[in-house]
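Engineer: Input coords26.cif, format and content: mmCIF, C-alpha atoms; chains and numbers go by the auth columns.
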data_coords
#
loop_
_atom_site.group_PDB
_atom_site.id
_atom_site.type_symbol
_atom_site.label_atom_id
_atom_site.label_comp_id
_atom_site.label_asym_id
_atom_site.label_seq_id
_atom_site.Cartn_x
_atom_site.Cartn_y
_atom_site.Cartn_z
_atom_site.B_iso_or_equiv
_atom_site.auth_seq_id
_atom_site.auth_asym_id
ATOM 1 C CA LEU A 1 0.000 0.000 0.000 0.00 191 A
ATOM 2 C CA ALA A 2 1.422 3.349 -1.023 0.00 192 A
ATOM 3 C CA LYS A 3 2.117 5.607 1.937 0.00 193 A
ATOM 4 C CA THR A 4 1.293 9.284 1.695 0.00 194 A
ATOM 5 C CA THR A 5 2.860 12.315 3.327 0.00 195 A
ATOM 6 C CA GLN A 6 1.094 15.651 3.643 0.00 196 A
ATOM 7 C CA PRO A 7 1.658 18.829 5.646 0.00 197 A
ATOM 8 C CA ILE A 8 -0.077 18.558 9.000 0.00 198 A
ATOM 9 C CA SER A 9 -1.690 21.961 8.774 0.00 199 A
ATOM 10 C CA MET A 10 -2.028 25.030 6.578 0.00 200 A
ATOM 11 C CA ASP A 11 -3.569 28.457 6.988 0.00 201 A
ATOM 12 C CA SER A 12 -4.862 30.682 4.223 0.00 202 A
ATOM 13 C CA TYR A 13 -6.901 33.843 3.850 0.00 203 A
ATOM 14 C CA GLU A 14 -10.288 33.939 2.231 0.00 204 A
ATOM 15 C CA GLY A 15 -10.257 34.445 -1.526 0.00 205 A
ATOM 16 C CA GLN A 16 -6.800 32.977 -2.047 0.00 206 A
ATOM 17 C CA GLU A 17 -5.873 29.868 -3.982 0.00 207 A
ATOM 18 C CA VAL A 18 -4.689 27.029 -1.762 0.00 208 A
ATOM 19 C CA ASN A 19 -2.389 24.251 -2.920 0.00 209 A
ATOM 20 C CA ILE A 20 -1.896 21.138 -0.788 0.00 210 A
ATOM 21 C CA THR A 21 0.787 18.721 -1.883 0.00 211 A
ATOM 22 C CA CYS A 22 0.899 15.030 -1.118 0.00 212 A
ATOM 23 C CA SER A 23 3.955 12.796 -1.549 0.00 213 A
ATOM 24 C CA HIS A 24 3.504 9.163 -2.535 0.00 214 A
ATOM 25 C CA ASN A 25 6.902 7.932 -3.631 0.00 215 A
ATOM 26 C CA ASN A 26 6.028 4.252 -3.885 0.00 216 A
ATOM 27 C CA ILE A 27 2.816 4.628 -5.878 0.00 217 A
ATOM 28 C CA ALA A 28 2.035 1.556 -7.987 0.00 218 A
ATOM 29 C CA THR A 29 1.196 1.498 -11.684 0.00 219 A
ATOM 30 C CA ASN A 30 -2.485 0.800 -11.145 0.00 220 A
ATOM 31 C CA ASP A 31 -2.953 3.246 -8.257 0.00 221 A
ATOM 32 C CA TYR A 32 -5.312 6.191 -8.481 0.00 222 A
ATOM 33 C CA ILE A 33 -4.882 9.361 -6.411 0.00 223 A
ATOM 34 C CA THR A 34 -7.975 10.559 -4.596 0.00 224 A
ATOM 35 C CA TRP A 35 -8.580 13.492 -2.291 0.00 225 A
ATOM 36 C CA TYR A 36 -11.236 13.664 0.386 0.00 226 A
ATOM 37 C CA GLN A 37 -12.504 16.474 2.582 0.00 227 A
ATOM 38 C CA GLN A 38 -13.685 15.930 6.131 0.00 228 A
ATOM 39 C CA PHE A 39 -15.559 18.328 8.381 0.00 229 A
ATOM 40 C CA PRO A 40 -15.764 17.706 12.141 0.00 230 A
ATOM 41 C CA SER A 41 -18.148 14.901 13.120 0.00 231 A
ATOM 42 C CA GLN A 42 -18.809 13.962 9.502 0.00 232 A
ATOM 43 C CA GLY A 43 -17.591 11.242 7.180 0.00 233 A
ATOM 44 C CA PRO A 44 -15.062 12.153 4.485 0.00 234 A
ATOM 45 C CA ARG A 45 -16.422 13.509 1.230 0.00 235 A
ATOM 46 C CA PHE A 46 -14.946 12.810 -2.213 0.00 236 A
ATOM 47 C CA ILE A 47 -13.358 15.863 -3.825 0.00 237 A
ATOM 48 C CA ILE A 48 -11.414 14.763 -6.858 0.00 238 A
ATOM 49 C CA GLN A 49 -9.545 11.824 -8.334 0.00 239 A
ATOM 50 C CA GLY A 50 -6.870 11.430 -10.970 0.00 240 A
ATOM 51 C CA TYR A 51 -4.350 9.066 -12.455 0.00 241 A
ATOM 52 C CA LYS A 52 -1.983 11.397 -14.283 0.00 242 A
ATOM 53 C CA THR A 53 -1.606 14.979 -15.605 0.00 243 A
ATOM 54 C CA LYS A 54 -4.363 17.367 -14.576 0.00 244 A
ATOM 55 C CA VAL A 55 -7.946 16.879 -13.555 0.00 245 A
ATOM 56 C CA THR A 56 -10.426 19.668 -12.875 0.00 246 A
ATOM 57 C CA ASN A 57 -13.955 19.629 -11.572 0.00 247 A
ATOM 58 C CA GLU A 58 -16.334 22.218 -10.188 0.00 248 A
ATOM 59 C CA VAL A 59 -14.609 22.439 -6.809 0.00 249 A
ATOM 60 C CA ALA A 60 -10.910 21.712 -7.307 0.00 250 A
ATOM 61 C CA SER A 61 -8.037 20.830 -9.587 0.00 251 A
ATOM 62 C CA LEU A 62 -5.582 17.999 -9.179 0.00 252 A
ATOM 63 C CA PHE A 63 -2.098 18.234 -10.624 0.00 253 A
ATOM 64 C CA ILE A 64 -0.049 15.055 -11.029 0.00 254 A
ATOM 65 C CA PRO A 65 3.494 15.173 -12.450 0.00 255 A
ATOM 66 C CA ALA A 66 4.721 12.611 -14.929 0.00 256 A
ATOM 67 C CA ASP A 67 6.464 10.463 -12.296 0.00 257 A
ATOM 68 C CA ARG A 68 3.253 10.403 -10.190 0.00 258 A
ATOM 69 C CA LYS A 69 5.277 10.475 -6.981 0.00 259 A
ATOM 70 C CA SER A 70 3.355 13.478 -5.737 0.00 260 A
ATOM 71 C CA SER A 71 0.125 15.302 -6.373 0.00 261 A
ATOM 72 C CA THR A 72 -1.222 18.752 -5.604 0.00 262 A
ATOM 73 C CA LEU A 73 -4.779 19.608 -4.735 0.00 263 A
ATOM 74 C CA SER A 74 -5.650 23.147 -5.746 0.00 264 A
ATOM 75 C CA LEU A 75 -8.638 24.938 -4.243 0.00 265 A
ATOM 76 C CA PRO A 76 -9.454 28.194 -6.038 0.00 266 A
ATOM 77 C CA ARG A 77 -10.598 31.237 -4.055 0.00 267 A
ATOM 78 C CA VAL A 78 -11.192 29.514 -0.736 0.00 268 A
ATOM 79 C CA SER A 79 -13.885 30.593 1.690 0.00 269 A
ATOM 80 C CA LEU A 80 -14.413 29.993 5.397 0.00 270 A
ATOM 81 C CA SER A 81 -16.469 26.911 4.585 0.00 271 A
ATOM 82 C CA ASP A 82 -13.372 25.251 3.119 0.00 272 A
ATOM 83 C CA THR A 83 -11.917 24.921 6.619 0.00 273 A
ATOM 84 C CA ALA A 84 -11.588 21.155 6.965 0.00 274 A
ATOM 85 C CA VAL A 85 -9.138 18.262 6.951 0.00 275 A
ATOM 86 C CA TYR A 86 -8.020 17.113 3.517 0.00 276 A
ATOM 87 C CA TYR A 87 -6.804 13.566 2.947 0.00 277 A
ATOM 88 C CA CYS A 88 -4.832 12.236 0.026 0.00 278 A
ATOM 89 C CA LEU A 89 -5.339 8.530 -0.650 0.00 279 A
ATOM 90 C CA VAL A 90 -3.513 6.327 -3.103 0.00 280 A
ATOM 91 C CA GLY A 91 -4.749 2.936 -4.135 0.00 281 A
ATOM 92 C CA GLY A 92 -5.575 0.542 -6.926 0.00 282 A
ATOM 93 C CA TRP A 93 -9.144 0.242 -5.702 0.00 283 A
ATOM 94 C CA GLY A 94 -11.476 -2.584 -6.379 0.00 284 A
ATOM 95 C CA ASN A 95 -11.818 -4.236 -3.007 0.00 285 A
ATOM 96 C CA GLU A 96 -8.515 -3.011 -1.711 0.00 286 A
ATOM 97 C CA LYS A 97 -8.331 -1.610 1.781 0.00 287 A
ATOM 98 C CA LEU A 98 -6.860 1.851 2.076 0.00 288 A
ATOM 99 C CA THR A 99 -4.874 3.575 4.769 0.00 289 A
ATOM 100 C CA PHE A 100 -5.491 7.171 5.709 0.00 290 A
ATOM 101 C CA GLY A 101 -2.486 9.347 6.392 0.00 291 A
ATOM 102 C CA THR A 102 -2.434 12.274 8.753 0.00 292 A
ATOM 103 C CA GLY A 103 -4.347 14.571 6.433 0.00 293 A
ATOM 104 C CA THR A 104 -3.879 18.340 6.188 0.00 294 A
ATOM 105 C CA ARG A 105 -5.874 20.546 8.505 0.00 295 A
ATOM 106 C CA LEU A 106 -6.693 23.639 6.436 0.00 296 A
ATOM 107 C CA THR A 107 -7.834 26.732 8.287 0.00 297 A
ATOM 108 C CA ILE A 108 -9.237 29.643 6.341 0.00 298 A
ATOM 109 C CA ILE A 109 -8.797 33.020 7.989 0.00 299 A
ATOM 110 C CA PRO A 110 -11.319 35.810 7.411 0.00 300 A
ATOM 111 C CA GLY B 1 -23.347 10.388 -6.539 0.00 73 B
ATOM 112 C CA ALA B 2 -23.742 7.197 -4.572 0.00 74 B
ATOM 113 C CA VAL B 3 -25.122 7.552 -1.060 0.00 75 B
ATOM 114 C CA VAL B 4 -24.085 5.645 2.029 0.00 76 B
ATOM 115 C CA SER B 5 -26.423 5.994 4.979 0.00 77 B
ATOM 116 C CA GLN B 6 -25.122 5.369 8.486 0.00 78 B
ATOM 117 C CA HIS B 7 -27.291 5.139 11.598 0.00 79 B
ATOM 118 C CA PRO B 8 -27.444 6.198 14.301 0.00 80 B
ATOM 119 C CA SER B 9 -25.495 9.433 14.034 0.00 81 B
ATOM 120 C CA ARG B 10 -25.026 9.591 17.781 0.00 82 B
ATOM 121 C CA VAL B 11 -25.527 7.075 20.553 0.00 83 B
ATOM 122 C CA ILE B 12 -24.968 7.183 24.283 0.00 84 B
ATOM 123 C CA CYS B 13 -24.993 3.932 26.181 0.00 85 B
ATOM 124 C CA LYS B 14 -24.141 2.505 29.564 0.00 86 B
ATOM 125 C CA SER B 15 -20.998 0.519 30.115 0.00 87 B
ATOM 126 C CA GLY B 16 -21.554 -3.183 29.487 0.00 88 B
ATOM 127 C CA THR B 17 -24.282 -2.796 26.901 0.00 89 B
ATOM 128 C CA SER B 18 -23.994 -3.523 23.178 0.00 90 B
ATOM 129 C CA VAL B 19 -24.531 -1.032 20.396 0.00 91 B
ATOM 130 C CA LYS B 20 -25.292 -1.750 16.748 0.00 92 B
ATOM 131 C CA ILE B 21 -24.375 0.650 13.955 0.00 93 B
ATOM 132 C CA GLU B 22 -25.856 0.224 10.485 0.00 94 B
ATOM 133 C CA CYS B 23 -24.293 1.160 7.179 0.00 95 B
ATOM 134 C CA ARG B 24 -26.451 1.045 4.054 0.00 96 B
ATOM 135 C CA SER B 25 -25.691 1.730 0.434 0.00 97 B
ATOM 136 C CA LEU B 26 -28.883 3.387 -0.737 0.00 98 B
ATOM 137 C CA ASP B 27 -28.649 3.300 -4.497 0.00 99 B
ATOM 138 C CA PHE B 28 -25.912 0.849 -5.347 0.00 100 B
ATOM 139 C CA GLN B 29 -24.569 -2.554 -4.486 0.00 101 B
ATOM 140 C CA ALA B 30 -21.601 -2.555 -2.174 0.00 102 B
ATOM 141 C CA THR B 31 -19.732 -5.829 -2.290 0.00 103 B
ATOM 142 C CA THR B 32 -17.146 -4.437 0.095 0.00 104 B
ATOM 143 C CA MET B 33 -17.587 -2.117 3.048 0.00 105 B
ATOM 144 C CA PHE B 34 -14.974 -0.781 5.406 0.00 106 B
ATOM 145 C CA TRP B 35 -15.269 0.245 9.029 0.00 107 B
ATOM 146 C CA TYR B 36 -13.082 2.943 10.560 0.00 108 B
ATOM 147 C CA ARG B 37 -12.563 4.443 13.950 0.00 109 B
ATOM 148 C CA GLN B 38 -11.520 8.030 14.517 0.00 110 B
ATOM 149 C CA PHE B 39 -10.415 9.765 17.692 0.00 111 B
ATOM 150 C CA PRO B 40 -10.651 13.560 18.083 0.00 112 B
ATOM 151 C CA LYS B 41 -8.246 15.406 15.792 0.00 113 B
ATOM 152 C CA LYS B 42 -6.791 12.131 14.544 0.00 114 B
ATOM 153 C CA SER B 43 -6.953 10.358 11.229 0.00 115 B
ATOM 154 C CA LEU B 44 -9.244 7.474 10.347 0.00 116 B
ATOM 155 C CA MET B 45 -8.017 4.055 11.411 0.00 117 B
ATOM 156 C CA LEU B 46 -9.227 1.068 9.439 0.00 118 B
ATOM 157 C CA MET B 47 -10.777 -1.523 11.721 0.00 119 B
ATOM 158 C CA ALA B 48 -12.031 -4.148 9.311 0.00 120 B
ATOM 159 C CA THR B 49 -13.012 -4.970 5.770 0.00 121 B
ATOM 160 C CA SER B 50 -16.450 -6.457 5.294 0.00 122 B
ATOM 161 C CA ASN B 51 -17.339 -8.549 2.262 0.00 123 B
ATOM 162 C CA GLU B 52 -20.897 -9.570 1.512 0.00 124 B
ATOM 163 C CA GLY B 53 -21.610 -13.131 2.515 0.00 125 B
ATOM 164 C CA SER B 54 -18.264 -13.808 4.155 0.00 126 B
ATOM 165 C CA LYS B 55 -16.436 -13.151 7.382 0.00 127 B
ATOM 166 C CA ALA B 56 -14.926 -9.754 7.934 0.00 128 B
ATOM 167 C CA THR B 57 -11.178 -9.263 7.833 0.00 129 B
ATOM 168 C CA TYR B 58 -9.946 -7.410 10.899 0.00 130 B
ATOM 169 C CA GLU B 59 -6.877 -5.224 11.151 0.00 131 B
ATOM 170 C CA GLN B 60 -4.167 -6.128 13.591 0.00 132 B
ATOM 171 C CA GLY B 61 -5.066 -5.136 17.116 0.00 133 B
ATOM 172 C CA VAL B 62 -8.820 -4.986 16.516 0.00 134 B
ATOM 173 C CA GLU B 63 -10.735 -7.480 18.654 0.00 135 B
ATOM 174 C CA LYS B 64 -13.144 -9.394 16.461 0.00 136 B
ATOM 175 C CA ASP B 65 -15.195 -10.510 19.465 0.00 137 B
ATOM 176 C CA LYS B 66 -15.555 -6.917 20.620 0.00 138 B
ATOM 177 C CA PHE B 67 -16.432 -5.470 17.232 0.00 139 B
ATOM 178 C CA LEU B 68 -18.806 -7.827 15.457 0.00 140 B
ATOM 179 C CA ILE B 69 -19.308 -7.136 11.772 0.00 141 B
ATOM 180 C CA ASN B 70 -22.067 -8.611 9.649 0.00 142 B
ATOM 181 C CA HIS B 71 -22.478 -8.015 5.912 0.00 143 B
ATOM 182 C CA ALA B 72 -25.526 -10.071 5.108 0.00 144 B
ATOM 183 C CA SER B 73 -26.596 -8.298 1.923 0.00 145 B
ATOM 184 C CA LEU B 74 -25.134 -6.178 -0.850 0.00 146 B
ATOM 185 C CA THR B 75 -26.571 -3.039 0.724 0.00 147 B
ATOM 186 C CA LEU B 76 -26.136 -3.498 4.459 0.00 148 B
ATOM 187 C CA SER B 77 -23.254 -3.974 6.846 0.00 149 B
ATOM 188 C CA THR B 78 -23.528 -3.690 10.619 0.00 150 B
ATOM 189 C CA LEU B 79 -20.965 -3.107 13.329 0.00 151 B
ATOM 190 C CA THR B 80 -21.883 -4.195 16.842 0.00 152 B
ATOM 191 C CA VAL B 81 -19.772 -2.961 19.719 0.00 153 B
ATOM 192 C CA THR B 82 -20.267 -5.622 22.357 0.00 154 B
ATOM 193 C CA SER B 83 -20.026 -5.009 26.094 0.00 155 B
ATOM 194 C CA ALA B 84 -19.048 -1.428 25.456 0.00 156 B
ATOM 195 C CA HIS B 85 -16.693 0.367 27.811 0.00 157 B
ATOM 196 C CA PRO B 86 -15.735 4.044 28.041 0.00 158 B
ATOM 197 C CA GLU B 87 -12.557 3.394 26.048 0.00 159 B
ATOM 198 C CA ASP B 88 -14.735 2.320 23.109 0.00 160 B
ATOM 199 C CA SER B 89 -16.098 5.861 22.901 0.00 161 B
ATOM 200 C CA SER B 90 -15.129 7.138 19.480 0.00 162 B
ATOM 201 C CA PHE B 91 -16.375 8.239 16.066 0.00 163 B
ATOM 202 C CA TYR B 92 -17.110 5.236 13.856 0.00 164 B
ATOM 203 C CA ILE B 93 -17.342 5.621 10.080 0.00 165 B
ATOM 204 C CA CYS B 94 -18.230 3.173 7.335 0.00 166 B
ATOM 205 C CA SER B 95 -17.442 3.332 3.652 0.00 167 B
ATOM 206 C CA ALA B 96 -18.324 1.316 0.594 0.00 168 B
ATOM 207 C CA THR B 97 -16.968 0.722 -2.860 0.00 169 B
ATOM 208 C CA HIS B 98 -19.442 1.083 -5.686 0.00 170 B
ATOM 209 C CA HIS B 99 -19.878 -2.042 -7.796 0.00 171 B
ATOM 210 C CA THR B 100 -19.215 -0.036 -10.978 0.00 172 B
ATOM 211 C CA GLU B 101 -17.032 2.810 -9.662 0.00 173 B
ATOM 212 C CA HIS B 102 -14.315 0.813 -8.046 0.00 174 B
ATOM 213 C CA GLU B 103 -11.959 3.780 -7.872 0.00 175 B
ATOM 214 C CA LYS B 104 -14.005 5.667 -5.309 0.00 176 B
ATOM 215 C CA LEU B 105 -14.965 5.218 -1.694 0.00 177 B
ATOM 216 C CA PHE B 106 -18.306 6.519 -0.492 0.00 178 B
ATOM 217 C CA PHE B 107 -18.525 7.285 3.210 0.00 179 B
ATOM 218 C CA GLY B 108 -21.303 7.288 5.724 0.00 180 B
ATOM 219 C CA SER B 109 -21.848 10.315 7.931 0.00 181 B
ATOM 220 C CA GLY B 110 -20.357 8.607 10.966 0.00 182 B
ATOM 221 C CA THR B 111 -21.602 7.555 14.394 0.00 183 B
ATOM 222 C CA GLN B 112 -20.431 9.209 17.587 0.00 184 B
ATOM 223 C CA LEU B 113 -20.460 6.592 20.340 0.00 185 B
ATOM 224 C CA SER B 114 -20.267 7.716 23.949 0.00 186 B
ATOM 225 C CA VAL B 115 -20.085 5.026 26.613 0.00 187 B
ATOM 226 C CA LEU B 116 -20.823 6.176 30.144 0.00 188 B
#
Go through the file and emit its structure as structure tokens.
Structural biologist:
Amino acid sequence: LAKTTQPISMDSYEGQEVNITCSHNNIATNDYITWYQQFPSQGPRFIIQGYKTKVTNEVASLFIPADRKSSTLSLPRVSLSDTAVYYCLVGGWGNEKLTFGTGTRLTIIP
Amino acid sequence: GAVVSQHPSRVICKSGTSVKIECRSLDFQATTMFWYRQFPKKSLMLMATSNEGSKATYEQGVEKDKFLINHASLTLSTLTVTSAHPEDSSFYICSATHHTEHEKLFFGSGTQLSVL
């Protein structure tokens, strides 16, 4: 199982773009990279997923370099409601169990 | 997107009693469900993997007799905390893989268990 490393915490002001990077040096060929958001006392919520290059959806972008050993979640123009813990998960999926890393606690400052 | 319903959202019980938590996939078949435990300001810890129609696979250090898991159908898995004690107080979360979207995990809303 690929292990992930993320910053423990980050602070940002409202309206700024926030980039959270995750390292996954031993990612396997069939592994996807998925980011989840978790608010207090709630289950994690899917944000975005990618395999390589760049993926964009209505809430975020995911940048993955060619070697796939890291990935960066980009949140455009954050607001106070983006204050949460963000987890990067790497796995081949199917019925594979996954391990959560520490996550990044993002705090948005007014 | 796929919805995973988890009940109850919060439960308070006396020490020594058993508590059952349900996890349902509402609009898809979930051949595999996962159960996690989370302490305040900590990450999710995988407790067990539940496959429909077979015994659950527990992670090292998780007592299978304390945390009974049943996955009797493709849409329902249950976690029963038996003879609960205050140290079992925690946030329990389930997740499921979609039978056609194997790359994603869909999570329940979690259950806050408080044992008095």
Engineer: Residues of chain A that have any atom at most 12 Å from an atom of chain B: could you tabulate them with the shortest-distance atom pair and the distance in Å to one decimal, using all atoms listed in the file, ordered by chain and increasing number, as CSV?
Structural biologist:
residue,atom,partner,partner_atom,distance
A:Ile198,CA,B:Lys114,CA,10.8
A:Ser199,CA,B:Lys113,CA,11.6
A:Asn220,CA,B:Glu175,CA,10.5
A:Asp221,CA,B:Glu175,CA,9.0
A:Tyr222,CA,B:Glu175,CA,7.1
A:Ile223,CA,B:Glu175,CA,9.1
A:Thr224,CA,B:Lys176,CA,7.8
A:Trp225,CA,B:Lys176,CA,10.0
A:Tyr226,CA,B:Leu177,CA,9.5
A:Gln227,CA,B:Phe179,CA,11.0
A:Gln228,CA,B:Ser181,CA,10.1
A:Phe229,CA,B:Ser181,CA,10.2
A:Pro230,CA,B:Lys113,CA,8.7
A:Ser231,CA,B:Gly182,CA,7.0
A:Gln232,CA,B:Ser181,CA,5.0
A:Gly233,CA,B:Ser181,CA,4.4
A:Pro234,CA,B:Phe179,CA,6.1
A:Arg235,CA,B:Phe179,CA,6.9
A:Phe236,CA,B:Phe178,CA,7.3
A:Ile237,CA,B:Lys176,CA,10.3
A:Ile238,CA,B:Lys176,CA,9.6
A:Gln239,CA,B:Lys176,CA,8.2
A:Gly240,CA,B:Glu175,CA,9.7
A:Tyr241,CA,B:Glu175,CA,10.3
A:Ala274,CA,B:Lys113,CA,11.1
A:Val275,CA,B:Ser115,CA,9.2
A:Tyr276,CA,B:Ser115,CA,10.3
A:Tyr277,CA,B:Ser115,CA,8.9
A:Cys278,CA,B:Ser115,CA,11.6
A:Leu279,CA,B:Leu177,CA,10.2
A:Val280,CA,B:Glu175,CA,10.0
A:Gly281,CA,B:Glu175,CA,8.2
A:Gly282,CA,B:Glu175,CA,7.2
A:Trp283,CA,B:Glu175,CA,5.0
A:Gly284,CA,B:His174,CA,4.7
A:Asn285,CA,B:Thr104,CA,6.2
A:Glu286,CA,B:Thr104,CA,8.9
A:Lys287,CA,B:Thr121,CA,7.0
A:Leu288,CA,B:Leu118,CA,7.8
A:Thr289,CA,B:Leu118,CA,6.9
A:Phe290,CA,B:Leu116,CA,6.0
A:Gly291,CA,B:Ser115,CA,6.7
A:Thr292,CA,B:Ser115,CA,5.5
A:Gly293,CA,B:Ser115,CA,6.9
A:Thr294,CA,B:Ser115,CA,9.9
A:Arg295,CA,B:Lys113,CA,9.2
Engineer: Between atom CA of A:Pro255 and atom CA of A:Tyr203, what is the spacing in Å?
Structural biologist: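 It comes out at 26.9 Å.
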Engineer: When distances are computed from all atoms listed in the file, which of B:His79, B:Arg109, B:Lys92, B:Lys138 shows the smallest separation from B:Thr152?
Structural biologist: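 Smallest distance to B:Thr152 is found for B:Lys92.
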Engineer: Tell me, in Å to one decimal, how far atom CA of B:Gly88 is from atom CA of B:Leu140.
Structural biologist: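 Between atom CA of B:Gly88 and atom CA of B:Leu140 the gap works out to 15.0 Å.
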Engineer: How many Å lie between atom CA of A:Leu263 and atom CA of A:Thr211, rounded to one decimal?
Structural biologist: 6.3 Å
Engineer: If you count all atoms listed in the file, which residues fall within 6 Å of stretch 247-254 of chain A, apart from same-chain ones fewer than 3 positions away, as a ChimeraX atom specification?
Structural biologist: /A:242-244,258,261-265
Engineer: Evaluate the PyMOL selection byres ((chain B and resi 125) around 9) here and jot the selected residues down as a VMD selection string.
Structural biologist: chain B and resid 103 122 to 124 126 to 127 142 to 146
Engineer: Hey, what's within 8 Å of A:Glu204 if we count only C-alpha atoms and toss same-chain stuff fewer than 5 positions away? As a JSON list (two decimals) with C-alpha atoms, keeping the file's coordinate frame, please?
Structural biologist:
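Just written: result.json:
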[["chain", "number", "residue", "atom", "x", "y", "z"],
["A", 267, "ARG", "CA", -10.60, 31.24, -4.06],
["A", 268, "VAL", "CA", -11.19, 29.51, -0.74],
["A", 269, "SER", "CA", -13.88, 30.59, 1.69],
["A", 270, "LEU", "CA", -14.41, 29.99, 5.40],
["A", 298, "ILE", "CA", -9.24, 29.64, 6.34],
["A", 299, "ILE", "CA", -8.80, 33.02, 7.99],
["A", 300, "PRO", "CA", -11.32, 35.81, 7.41]]
Engineer: Might you pull out every residue within 12 Å of B:Pro158, with all atoms listed in the file counted and same-chain residues fewer than 2 positions away left off, and present them as a PyMOL selection string?
Structural biologist: chain B and resi 84-89+153+155-156+160-162+185-188
Engineer: Find the residue from B:Ser77, B:Gly133, B:Met119, B:Phe111 that sits nearest to B:Leu148; use only C-alpha atoms when measuring.
Structural biologist: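 Among the listed residues, B:Ser77 lies closest to B:Leu148.
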